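*Asks:* Structure file work05.pdb (PDB, C-alpha atoms) right here:
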```
ATOM      1  CA  MET X   1       0.000   0.000   0.000
ATOM      2  CA  SER X   2       1.868   3.089   1.243
ATOM      3  CA  THR X   3       4.482   3.570   3.910
ATOM      4  CA  ASP X   4       2.520   6.585   5.123
ATOM      5  CA  ARG X   5      -0.771   5.301   6.546
ATOM      6  CA  THR X   6      -2.419   8.712   6.963
ATOM      7  CA  TRP X   7      -4.761  10.137   4.329
ATOM      8  CA  ASP X   8      -6.957  13.204   4.131
ATOM      9  CA  LEU X   9      -9.804  11.030   2.852
ATOM     10  CA  VAL X  10     -10.412   7.310   2.517
ATOM     11  CA  VAL X  11     -13.333   6.339   0.279
ATOM     12  CA  VAL X  12     -14.664   2.812   0.691
ATOM     13  CA  GLY X  13     -16.336   1.617  -2.509
ATOM     14  CA  ALA X  14     -15.356   2.481  -6.077
ATOM     15  CA  GLY X  15     -18.799   2.594  -7.637
ATOM     16  CA  PRO X  16     -20.076   5.823  -9.200
ATOM     17  CA  GLY X  17     -20.558   7.620  -5.870
ATOM     18  CA  GLY X  18     -17.259   6.599  -4.332
ATOM     19  CA  SER X  19     -15.161   7.225  -7.429
ATOM     20  CA  SER X  20     -16.820  10.601  -7.942
ATOM     21  CA  ALA X  21     -16.145  11.585  -4.330
ATOM     22  CA  ALA X  22     -12.502  10.506  -4.645
ATOM     23  CA  ARG X  23     -12.099  12.418  -7.909
ATOM     24  CA  GLU X  24     -13.516  15.631  -6.497
ATOM     25  CA  ALA X  25     -11.436  15.376  -3.307
ATOM     26  CA  ALA X  26      -8.251  14.740  -5.287
ATOM     27  CA  ARG X  27      -9.044  17.650  -7.615
ATOM     28  CA  ARG X  28      -9.157  19.851  -4.512
ATOM     29  CA  GLY X  29      -5.703  18.712  -3.470
ATOM     30  CA  LEU X  30      -6.636  16.192  -0.788
ATOM     31  CA  ARG X  31      -4.572  13.018  -0.347
ATOM     32  CA  CYS X  32      -7.290  10.534  -1.198
ATOM     33  CA  LEU X  33      -7.347   6.739  -1.102
ATOM     34  CA  LEU X  34     -10.113   4.899  -2.974
ATOM     35  CA  LEU X  35     -10.674   1.268  -1.969
ATOM     36  CA  ASP X  36     -12.855  -1.481  -3.405
ATOM     37  CA  ALA X  37     -13.261  -5.030  -2.098
ATOM     38  CA  LYS X  38     -13.361  -6.618  -5.546
ATOM     39  CA  PRO X  39     -10.580  -6.677  -8.137
ATOM     40  CA  PHE X  40     -11.374  -4.529 -11.202
ATOM     41  CA  PRO X  41     -12.860  -5.080 -13.660
ATOM     42  CA  ARG X  42     -15.586  -6.712 -11.633
ATOM     43  CA  LEU X  43     -18.985  -8.012 -12.612
ATOM     44  CA  LYS X  44     -21.806  -5.805 -11.364
ATOM     45  CA  PRO X  45     -25.174  -7.427 -12.015
ATOM     46  CA  CYS X  46     -27.103  -4.255 -11.222
ATOM     47  CA  ALA X  47     -28.498  -2.109 -13.991
ATOM     48  CA  GLY X  48     -26.326   0.068 -16.171
ATOM     49  CA  GLY X  49     -28.994   2.612 -17.019
ATOM     50  CA  ILE X  50     -27.961   6.251 -16.869
ATOM     51  CA  SER X  51     -30.952   8.552 -16.442
ATOM     52  CA  PRO X  52     -31.276  12.092 -17.810
ATOM     53  CA  ARG X  53     -30.555  13.367 -14.276
ATOM     54  CA  ALA X  54     -27.362  11.280 -14.058
ATOM     55  CA  ARG X  55     -26.403  12.545 -17.527
ATOM     56  CA  LYS X  56     -26.609  16.135 -16.239
ATOM     57  CA  ILE X  57     -24.424  15.268 -13.265
ATOM     58  CA  LEU X  58     -21.849  13.659 -15.569
ATOM     59  CA  GLN X  59     -21.992  16.697 -17.869
ATOM     60  CA  ARG X  60     -21.342  19.090 -14.953
ATOM     61  CA  ALA X  61     -18.411  16.898 -13.909
ATOM     62  CA  GLY X  62     -16.992  17.023 -17.440
ATOM     63  CA  LEU X  63     -17.291  13.244 -17.853
ATOM     64  CA  TRP X  64     -20.291  12.875 -20.127
ATOM     65  CA  GLU X  65     -18.397  12.640 -23.425
ATOM     66  CA  LYS X  66     -16.248   9.762 -22.122
ATOM     67  CA  VAL X  67     -19.319   7.905 -20.847
ATOM     68  CA  ALA X  68     -21.399   8.586 -23.960
ATOM     69  CA  ALA X  69     -18.637   7.265 -26.219
ATOM     70  CA  GLN X  70     -19.062   3.806 -24.655
ATOM     71  CA  ALA X  71     -22.811   3.796 -23.931
ATOM     72  CA  TYR X  72     -25.785   3.141 -26.163
ATOM     73  CA  GLU X  73     -28.843   5.312 -26.209
ATOM     74  CA  LEU X  74     -32.412   4.195 -25.596
ATOM     75  CA  ALA X  75     -35.228   5.852 -27.537
ATOM     76  CA  GLY X  76     -37.595   5.159 -24.673
ATOM     77  CA  ILE X  77     -38.096   3.097 -21.585
ATOM     78  CA  ARG X  78     -40.988   2.152 -19.317
ATOM     79  CA  LEU X  79     -40.234   1.337 -15.702
ATOM     80  CA  GLY X  80     -42.823  -0.315 -13.479
ATOM     81  CA  ALA X  81     -42.850  -0.665  -9.707
ATOM     82  CA  PRO X  82     -44.580  -3.431  -7.723
ATOM     83  CA  SER X  83     -47.016  -0.771  -6.519
ATOM     84  CA  GLY X  84     -48.255  -0.370 -10.087
ATOM     85  CA  ARG X  85     -46.682   3.066 -10.514
ATOM     86  CA  GLU X  86     -44.990   3.541 -13.890
ATOM     87  CA  THR X  87     -42.492   6.024 -15.247
ATOM     88  CA  VAL X  88     -42.062   6.477 -18.977
ATOM     89  CA  LEU X  89     -39.083   8.209 -20.548
ATOM     90  CA  VAL X  90     -39.465   8.840 -24.273
ATOM     91  CA  GLY X  91     -37.425  10.606 -26.902
ATOM     92  CA  ALA X  92     -33.831  11.286 -27.729
ATOM     93  CA  GLY X  93     -31.716  11.245 -24.639
ATOM     94  CA  ALA X  94     -34.288   9.395 -22.556
ATOM     95  CA  ALA X  95     -31.533   7.249 -21.094
ATOM     96  CA  VAL X  96     -28.329   5.519 -22.026
ATOM     97  CA  VAL X  97     -26.985   2.157 -20.969
ATOM     98  CA  LEU X  98     -23.414   1.323 -20.064
ATOM     99  CA  ASP X  99     -22.535  -1.826 -18.159
ATOM    100  CA  ARG X 100     -21.479  -1.087 -14.608
ATOM    101  CA  SER X 101     -18.064  -2.724 -14.841
ATOM    102  CA  THR X 102     -17.169  -0.348 -17.695
ATOM    103  CA  LEU X 103     -18.701   2.698 -15.990
ATOM    104  CA  ASP X 104     -17.061   1.932 -12.655
ATOM    105  CA  GLY X 105     -13.680   1.372 -14.295
ATOM    106  CA  LEU X 106     -13.946   4.644 -16.193
ATOM    107  CA  LEU X 107     -14.878   6.620 -13.064
ATOM    108  CA  ALA X 108     -12.148   4.999 -10.934
ATOM    109  CA  ALA X 109      -9.598   5.831 -13.658
ATOM    110  CA  GLU X 110     -10.815   9.442 -13.606
ATOM    111  CA  ALA X 111     -10.277   9.553  -9.832
ATOM    112  CA  VAL X 112      -6.723   8.300 -10.308
ATOM    113  CA  ALA X 113      -6.109  10.820 -13.114
ATOM    114  CA  ALA X 114      -7.183  13.556 -10.685
ATOM    115  CA  GLY X 115      -4.610  12.373  -8.138
ATOM    116  CA  ALA X 116      -6.403   9.779  -5.990
ATOM    117  CA  THR X 117      -4.729   6.485  -5.143
ATOM    118  CA  PHE X 118      -6.845   3.438  -5.999
ATOM    119  CA  HIS X 119      -6.489  -0.069  -4.595
ATOM    120  CA  ASP X 120      -8.914  -2.758  -5.671
ATOM    121  CA  GLY X 121      -9.214  -6.167  -4.064
ATOM    122  CA  ARG X 122      -8.879  -4.542  -0.616
ATOM    123  CA  ARG X 123     -11.792  -5.397   1.646
ATOM    124  CA  VAL X 124     -12.438  -2.942   4.456
ATOM    125  CA  LEU X 125     -13.417  -4.727   7.657
ATOM    126  CA  GLY X 126     -14.869  -1.652   9.317
ATOM    127  CA  PRO X 127     -14.155   1.829  10.570
ATOM    128  CA  LEU X 128     -11.251   2.625  12.836
ATOM    129  CA  LEU X 129     -12.911   4.401  15.759
ATOM    130  CA  GLU X 130     -11.535   6.691  18.458
ATOM    131  CA  ASN X 131     -13.860   8.379  20.955
ATOM    132  CA  GLY X 132     -16.849   7.453  18.786
ATOM    133  CA  ARG X 133     -15.372   9.093  15.678
ATOM    134  CA  ALA X 134     -14.161   7.385  12.494
ATOM    135  CA  VAL X 135     -10.468   8.164  12.136
ATOM    136  CA  GLY X 136      -9.747   5.655   9.398
ATOM    137  CA  VAL X 137     -10.514   2.118   8.289
ATOM    138  CA  ARG X 138      -9.485  -1.406   9.270
ATOM    139  CA  LEU X 139      -8.207  -3.835   6.668
ATOM    140  CA  ALA X 140      -6.871  -7.325   7.231
ATOM    141  CA  GLY X 141      -3.491  -6.782   8.866
ATOM    142  CA  GLU X 142      -3.434  -2.981   8.831
ATOM    143  CA  ASP X 143      -5.199   0.162   9.898
ATOM    144  CA  LEU X 144      -5.306   3.224   7.677
ATOM    145  CA  ARG X 145      -5.864   6.616   9.278
ATOM    146  CA  ALA X 146      -7.732   9.470   7.621
ATOM    147  CA  ARG X 147      -9.158  12.869   8.512
ATOM    148  CA  TRP X 148     -12.406  11.797   6.814
ATOM    149  CA  VAL X 149     -13.944   8.489   5.759
ATOM    150  CA  VAL X 150     -16.665   8.103   3.128
ATOM    151  CA  ALA X 151     -18.623   4.839   3.129
ATOM    152  CA  ALA X 152     -19.734   4.427  -0.501
ATOM    153  CA  ASP X 153     -19.933   0.660  -0.414
ATOM    154  CA  GLY X 154     -23.548   0.275  -1.535
ATOM    155  CA  PRO X 155     -26.506  -1.000   0.390
TER
END
```
Using structure tokens, write down the structure that the file contains.
*Replies:*
Amino acid sequence: MSTDRTWDLVVVGAGPGGSSAAREAARRGLRCLLLDAKPFPRLKPCAGGISPRARKILQRAGLWEKVAAQAYELAGIRLGAPSGRETVLVGAGAAVVLDRSTLDGLLAAEAVAAGATFHDGRRVLGPLLENGRAVGVRLAGEDLRARWVVAADGP
């Protein structure tokens, strides 16, 4: 890993939220470590749909063109909930699809390009606590200290 075990920020989980947090922190000059339990590329069975709202977020972050180059666009989509409620998105730009392993890899690479350090295949066992405050994370065989910890490891 690193001989210096202190970071400004440790982000646990390199999905879209975690990688985006790491990228923004690194862009602001923070020493940021991004960790994911699984080796990349990893299979993510969850959906790869990118909504119009997510598209706007990616556009503001300056990442949309890279995502769009690998995604395919849907002309329309109907989503139904068990409650019977439906949402219909129709027309150009309704949504795009990009498999999660590709999207996650792209976003993690962007975090690294911004200056974050990324280690995949590193399972975090839990927070490192002092006086009820997270001051880092525990991994098998080592503790990593950080000023801040972001848990972006999904549900």
*Asks:* Env of stretch 11-13 of chain X: 6 Å cut, atoms = all atoms listed in the file, seq-sep filter 4 positions within chain, self excluded. Answer as JSON, numbers by chain.
*Replies:* {"X": [18, 34, 35, 36, 149, 150, 151, 152, 153]}
*Asks:* Step by step, work through what the PyMOL selection byres ((chain X and resi 125) around 8) selects in the shown file, and finish by giving those residues as a PyMOL selection string.
*Replies:* chain X and resi 123-124+126-127+137-140
*Asks:* Show me, as a PyMOL selection string, the residues that have an atom within 10 Å of stretch 59-75 of chain X when counting all atoms listed in the file, minus same-chain residues fewer than 4 positions from it.
*Replies:* chain X and resi 20+23-24+48-50+53-55+89-99+102-103+106-107+110
*Asks:* Please compute the atom CA of X:Leu144-atom CA of X:Thr6 distance, one decimal, in Å.
*Replies:*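 Between atom CA of X:Leu144 and atom CA of X:Thr6 the gap works out to 6.2 Å.
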*Asks:* If we count all atoms listed in the file and set the cut-off at 7 Å, which residues sit around X:Gly121, ignoring sequence neighbours fewer than 5 positions away in its own chain? Please answer as a list in words.
*Replies:*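 Everything that qualifies: Asp36, Ala37, Lys38 and Pro39 of chain X.
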*Asks:* Could you please take those selected residues and save C-alpha atoms as a PDB file, keeping the file's coordinate frame?
*Replies:*
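Now in out-v5.pdb:
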```
ATOM      1  CA  ASP X  36     -12.855  -1.481  -3.405  1.00  0.00           C
ATOM      2  CA  ALA X  37     -13.261  -5.030  -2.098  1.00  0.00           C
ATOM      3  CA  LYS X  38     -13.361  -6.618  -5.546  1.00  0.00           C
ATOM      4  CA  PRO X  39     -10.580  -6.677  -8.137  1.00  0.00           C
TER       5      PRO X  39
END
```
*Asks:* As an exercise, work out the distance from atom CA of X:Gly136 to atom CA of X:Leu33 in Å and give it to one decimal place.
*Replies:*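 Going from atom CA of X:Gly136 over to atom CA of X:Leu33 covers 10.8 Å.
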*Asks:* Starting from 6 Å padding per side, set up an axis-aligned box that covers all listed atoms of stretch 130-143 of chain X and hand over centre and edge lengths in Å, one decimal, as JSON.
*Replies:*
```
{"center_x": -10.1, "center_y": 0.9, "center_z": 13.8, "size_x": 25.4, "size_y": 28.4, "size_z": 26.3}
```
*Asks:* Could you jot down the atom CA of X:Ala111 to atom CA of X:Pro45 separation for me, Å, one decimal place?
*Replies:*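 Separation of atom CA of X:Ala111 and atom CA of X:Pro45: 22.7 Å.
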*Asks:* Tell me which of X:Gly115, X:Pro41, X:Pro52, X:Gly15 sits closest to X:Arg27, counting only C-alpha atoms.
*Replies:*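 So, comparing all the options, the nearest one is X:Gly115.
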*Asks:* From the set X:Ala22, X:Leu128, X:Ala81, X:Ala14, which residue has the shortest atom-to-atom contact distance to X:Gly154, counting only C-alpha atoms?
*Replies:*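 Among the listed residues, the smallest separation from X:Gly154 belongs to X:Ala14.
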*Asks:* What would stretch 70-81 of chain X look like with all heavy atoms in place, written as a PDB file, in the coordinates of the input?
*Replies:*
```pdb
ATOM      1  N   GLN X  70     -19.019   5.254 -24.884  1.00  0.00           N
ATOM      2  CA  GLN X  70     -19.062   3.806 -24.655  1.00  0.00           C
ATOM      3  C   GLN X  70     -20.479   3.280 -24.404  1.00  0.00           C
ATOM      4  O   GLN X  70     -20.694   2.080 -24.346  1.00  0.00           O
ATOM      5  CB  GLN X  70     -18.180   3.446 -23.465  1.00  0.00           C
ATOM      6  CG  GLN X  70     -16.716   3.789 -23.702  1.00  0.00           C
ATOM      7  CD  GLN X  70     -15.868   3.345 -22.544  1.00  0.00           C
ATOM      8  OE1 GLN X  70     -15.838   2.172 -22.217  1.00  0.00           O
ATOM      9  NE2 GLN X  70     -15.192   4.295 -21.921  1.00  0.00           N
ATOM     10  N   ALA X  71     -21.439   4.187 -24.264  1.00  0.00           N
ATOM     11  CA  ALA X  71     -22.811   3.796 -23.931  1.00  0.00           C
ATOM     12  C   ALA X  71     -23.650   3.692 -25.199  1.00  0.00           C
ATOM     13  O   ALA X  71     -23.245   4.129 -26.270  1.00  0.00           O
ATOM     14  CB  ALA X  71     -23.416   4.837 -22.991  1.00  0.00           C
ATOM     15  N   TYR X  72     -24.824   3.091 -25.063  1.00  0.00           N
ATOM     16  CA  TYR X  72     -25.785   3.141 -26.163  1.00  0.00           C
ATOM     17  C   TYR X  72     -27.069   3.775 -25.659  1.00  0.00           C
ATOM     18  O   TYR X  72     -27.459   3.629 -24.508  1.00  0.00           O
ATOM     19  CB  TYR X  72     -26.020   1.775 -26.807  1.00  0.00           C
ATOM     20  CG  TYR X  72     -26.638   0.720 -25.935  1.00  0.00           C
ATOM     21  CD1 TYR X  72     -28.024   0.560 -25.867  1.00  0.00           C
ATOM     22  CD2 TYR X  72     -25.837  -0.140 -25.173  1.00  0.00           C
ATOM     23  CE1 TYR X  72     -28.593  -0.415 -25.071  1.00  0.00           C
ATOM     24  CE2 TYR X  72     -26.401  -1.125 -24.376  1.00  0.00           C
ATOM     25  CZ  TYR X  72     -27.773  -1.252 -24.334  1.00  0.00           C
ATOM     26  OH  TYR X  72     -28.333  -2.213 -23.538  1.00  0.00           O
ATOM     27  N   GLU X  73     -27.684   4.521 -26.569  1.00  0.00           N
ATOM     28  CA  GLU X  73     -28.843   5.312 -26.209  1.00  0.00           C
ATOM     29  C   GLU X  73     -30.134   4.522 -26.387  1.00  0.00           C
ATOM     30  O   GLU X  73     -30.261   3.716 -27.301  1.00  0.00           O
ATOM     31  CB  GLU X  73     -28.885   6.565 -27.087  1.00  0.00           C
ATOM     32  CG  GLU X  73     -29.762   7.646 -26.523  1.00  0.00           C
ATOM     33  CD  GLU X  73     -29.444   9.005 -27.101  1.00  0.00           C
ATOM     34  OE1 GLU X  73     -28.275   9.412 -27.064  1.00  0.00           O
ATOM     35  OE2 GLU X  73     -30.395   9.645 -27.576  1.00  0.00           O
ATOM     36  N   LEU X  74     -31.073   4.775 -25.510  1.00  0.00           N
ATOM     37  CA  LEU X  74     -32.412   4.195 -25.596  1.00  0.00           C
ATOM     38  C   LEU X  74     -33.364   5.274 -26.105  1.00  0.00           C
ATOM     39  O   LEU X  74     -33.312   6.406 -25.633  1.00  0.00           O
ATOM     40  CB  LEU X  74     -32.890   3.716 -24.225  1.00  0.00           C
ATOM     41  CG  LEU X  74     -32.058   2.636 -23.543  1.00  0.00           C
ATOM     42  CD1 LEU X  74     -32.614   2.363 -22.150  1.00  0.00           C
ATOM     43  CD2 LEU X  74     -32.042   1.372 -24.368  1.00  0.00           C
ATOM     44  N   ALA X  75     -34.241   4.899 -27.032  1.00  0.00           N
ATOM     45  CA  ALA X  75     -35.228   5.852 -27.537  1.00  0.00           C
ATOM     46  C   ALA X  75     -36.348   6.047 -26.528  1.00  0.00           C
ATOM     47  O   ALA X  75     -37.010   7.073 -26.508  1.00  0.00           O
ATOM     48  CB  ALA X  75     -35.792   5.365 -28.863  1.00  0.00           C
ATOM     49  N   GLY X  76     -36.562   5.050 -25.686  1.00  0.00           N
ATOM     50  CA  GLY X  76     -37.595   5.159 -24.673  1.00  0.00           C
ATOM     51  C   GLY X  76     -37.517   3.976 -23.736  1.00  0.00           C
ATOM     52  O   GLY X  76     -36.912   2.951 -24.062  1.00  0.00           O
ATOM     53  N   ILE X  77     -38.113   4.163 -22.583  1.00  0.00           N
ATOM     54  CA  ILE X  77     -38.096   3.097 -21.585  1.00  0.00           C
ATOM     55  C   ILE X  77     -39.311   3.259 -20.678  1.00  0.00           C
ATOM     56  O   ILE X  77     -39.735   4.380 -20.383  1.00  0.00           O
ATOM     57  CB  ILE X  77     -36.774   3.113 -20.772  1.00  0.00           C
ATOM     58  CG1 ILE X  77     -36.693   1.918 -19.854  1.00  0.00           C
ATOM     59  CG2 ILE X  77     -36.620   4.410 -20.025  1.00  0.00           C
ATOM     60  CD1 ILE X  77     -35.330   1.740 -19.212  1.00  0.00           C
ATOM     61  N   ARG X  78     -39.873   2.144 -20.265  1.00  0.00           N
ATOM     62  CA  ARG X  78     -40.988   2.152 -19.317  1.00  0.00           C
ATOM     63  C   ARG X  78     -40.539   1.352 -18.100  1.00  0.00           C
ATOM     64  O   ARG X  78     -40.147   0.200 -18.211  1.00  0.00           O
ATOM     65  CB  ARG X  78     -42.229   1.520 -19.921  1.00  0.00           C
ATOM     66  CG  ARG X  78     -43.378   1.414 -18.904  1.00  0.00           C
ATOM     67  CD  ARG X  78     -44.609   0.868 -19.525  1.00  0.00           C
ATOM     68  NE  ARG X  78     -45.070   1.900 -20.453  1.00  0.00           N
ATOM     69  CZ  ARG X  78     -46.196   1.817 -21.143  1.00  0.00           C
ATOM     70  NH1 ARG X  78     -46.950   0.769 -21.046  1.00  0.00           N
ATOM     71  NH2 ARG X  78     -46.553   2.786 -21.950  1.00  0.00           N
ATOM     72  N   LEU X  79     -40.616   1.979 -16.949  1.00  0.00           N
ATOM     73  CA  LEU X  79     -40.234   1.337 -15.702  1.00  0.00           C
ATOM     74  C   LEU X  79     -41.477   1.159 -14.841  1.00  0.00           C
ATOM     75  O   LEU X  79     -42.243   2.111 -14.656  1.00  0.00           O
ATOM     76  CB  LEU X  79     -39.207   2.193 -14.945  1.00  0.00           C
ATOM     77  CG  LEU X  79     -37.955   2.575 -15.723  1.00  0.00           C
ATOM     78  CD1 LEU X  79     -37.153   3.624 -14.976  1.00  0.00           C
ATOM     79  CD2 LEU X  79     -37.111   1.352 -15.984  1.00  0.00           C
ATOM     80  N   GLY X  80     -41.666  -0.048 -14.322  1.00  0.00           N
ATOM     81  CA  GLY X  80     -42.823  -0.315 -13.479  1.00  0.00           C
ATOM     82  C   GLY X  80     -42.411  -0.776 -12.101  1.00  0.00           C
ATOM     83  O   GLY X  80     -41.459  -1.540 -11.956  1.00  0.00           O
ATOM     84  N   ALA X  81     -43.107  -0.285 -11.095  1.00  0.00           N
ATOM     85  CA  ALA X  81     -42.850  -0.665  -9.707  1.00  0.00           C
ATOM     86  C   ALA X  81     -43.900  -1.677  -9.261  1.00  0.00           C
ATOM     87  O   ALA X  81     -44.999  -1.734  -9.825  1.00  0.00           O
ATOM     88  CB  ALA X  81     -42.901   0.566  -8.815  1.00  0.00           C
TER      89      ALA X  81
END
```
